[in-house]
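Structure first, commentary second.
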Amino acid sequence: MCGGCVGTEYPERGTTCLEGGSFLLNFVGCAQCGGRDFVLVNNRAEDLQGGEEIVTYDHLCKNCHHLIARHEYTFSVVDYYQ
């Protein structure tokens with residue numbers, strides 16, 4: 001994660017569960033070009049391991065393609081709860 005692009009590198013989100021897995025309110029702008037536009041999702045991959053879905057992807061600056069962050073999250077269902 002680029003510390004210059006985000007307000008807090010690993011913000012405390014409590015029990016917040018985001019469909020996209022990313023907390024974009026933490027994005028302050030691109031440290032390379034200064035842009036504060038939408039971010040691009042790149043290298044998205046989904047894998048199943050032991051009943052869990054593992055999703056990985058990168059966020060890039062829309063303007064200069066600077067790597068803002070790499071993300072990984074898991075999705076699982078236990079006793080019918082997500």
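Each chain in the structure tokens gets a letter, A, B and so on, in the order shown; residues start at 1 in every chain, and ligands are counted from 1 in the order they appear.
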key: Near-Thr8 of chain A list (10 Å; only C-alpha atoms; drop same-chain fewer than 5 positions) as a list in words   = Gly3, Asn26, Phe27 and Val28 of chain A
Residues flagged strand (DSSP E or B) by DSSP in chain A, as a compact mmCIF listing (two decimals) with C-alpha atoms, in the first residue's frame:
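The file below, states.txt, is the result:
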# COMPACT_ATOMS: atom_id res chain seq x y z
CA VAL A 6 -4.00 6.85 1.73
CA PHE A 27 -7.95 7.35 -0.47
CA VAL A 39 -9.31 4.25 -9.13
CA LEU A 40 -8.87 1.37 -11.54
CA VAL A 41 -9.13 -2.28 -10.51
CA ASN A 42 -6.41 -4.44 -12.06
CA ASN A 43 -5.22 -8.06 -11.75
CA ARG A 44 -8.44 -9.24 -10.10
CA ALA A 45 -8.35 -12.96 -9.31
CA GLU A 46 -10.63 -15.30 -7.38
CA ASP A 47 -9.56 -18.65 -5.97
CA LEU A 48 -11.23 -21.32 -3.84
CA GLN A 49 -9.20 -22.87 -1.02
CA GLU A 52 -13.12 -20.08 1.29
CA GLU A 53 -13.15 -17.73 -1.67
CA ILE A 54 -9.96 -15.64 -1.80
CA VAL A 55 -10.12 -12.46 -3.87
CA THR A 56 -7.06 -10.41 -4.81
CA TYR A 57 -6.76 -7.23 -6.87
CA ASP A 58 -4.78 -4.01 -7.27
CA HIS A 59 -5.98 -0.42 -7.20
CA LEU A 60 -4.25 1.88 -9.70
CA CYS A 61 -4.49 5.62 -10.27
CA LEU A 67 -0.06 1.33 -7.73
CA ILE A 68 -2.13 2.64 -4.83
CA ALA A 69 -2.76 -0.65 -3.03
CA ARG A 70 -2.88 -4.43 -3.31
CA HIS A 71 -5.91 -6.04 -1.73
CA GLU A 72 -6.72 -9.54 -0.55
CA TYR A 73 -9.82 -10.66 1.28
CA THR A 74 -11.56 -13.93 2.02
CA PHE A 75 -15.23 -14.80 1.87
CA VAL A 78 -20.14 -20.83 8.34
CA TYR A 81 -23.67 -16.92 7.93
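Interatomic distance, atom CA of Gln32 of chain A against atom CA of Cys64 of chain A: 7.7 Å.
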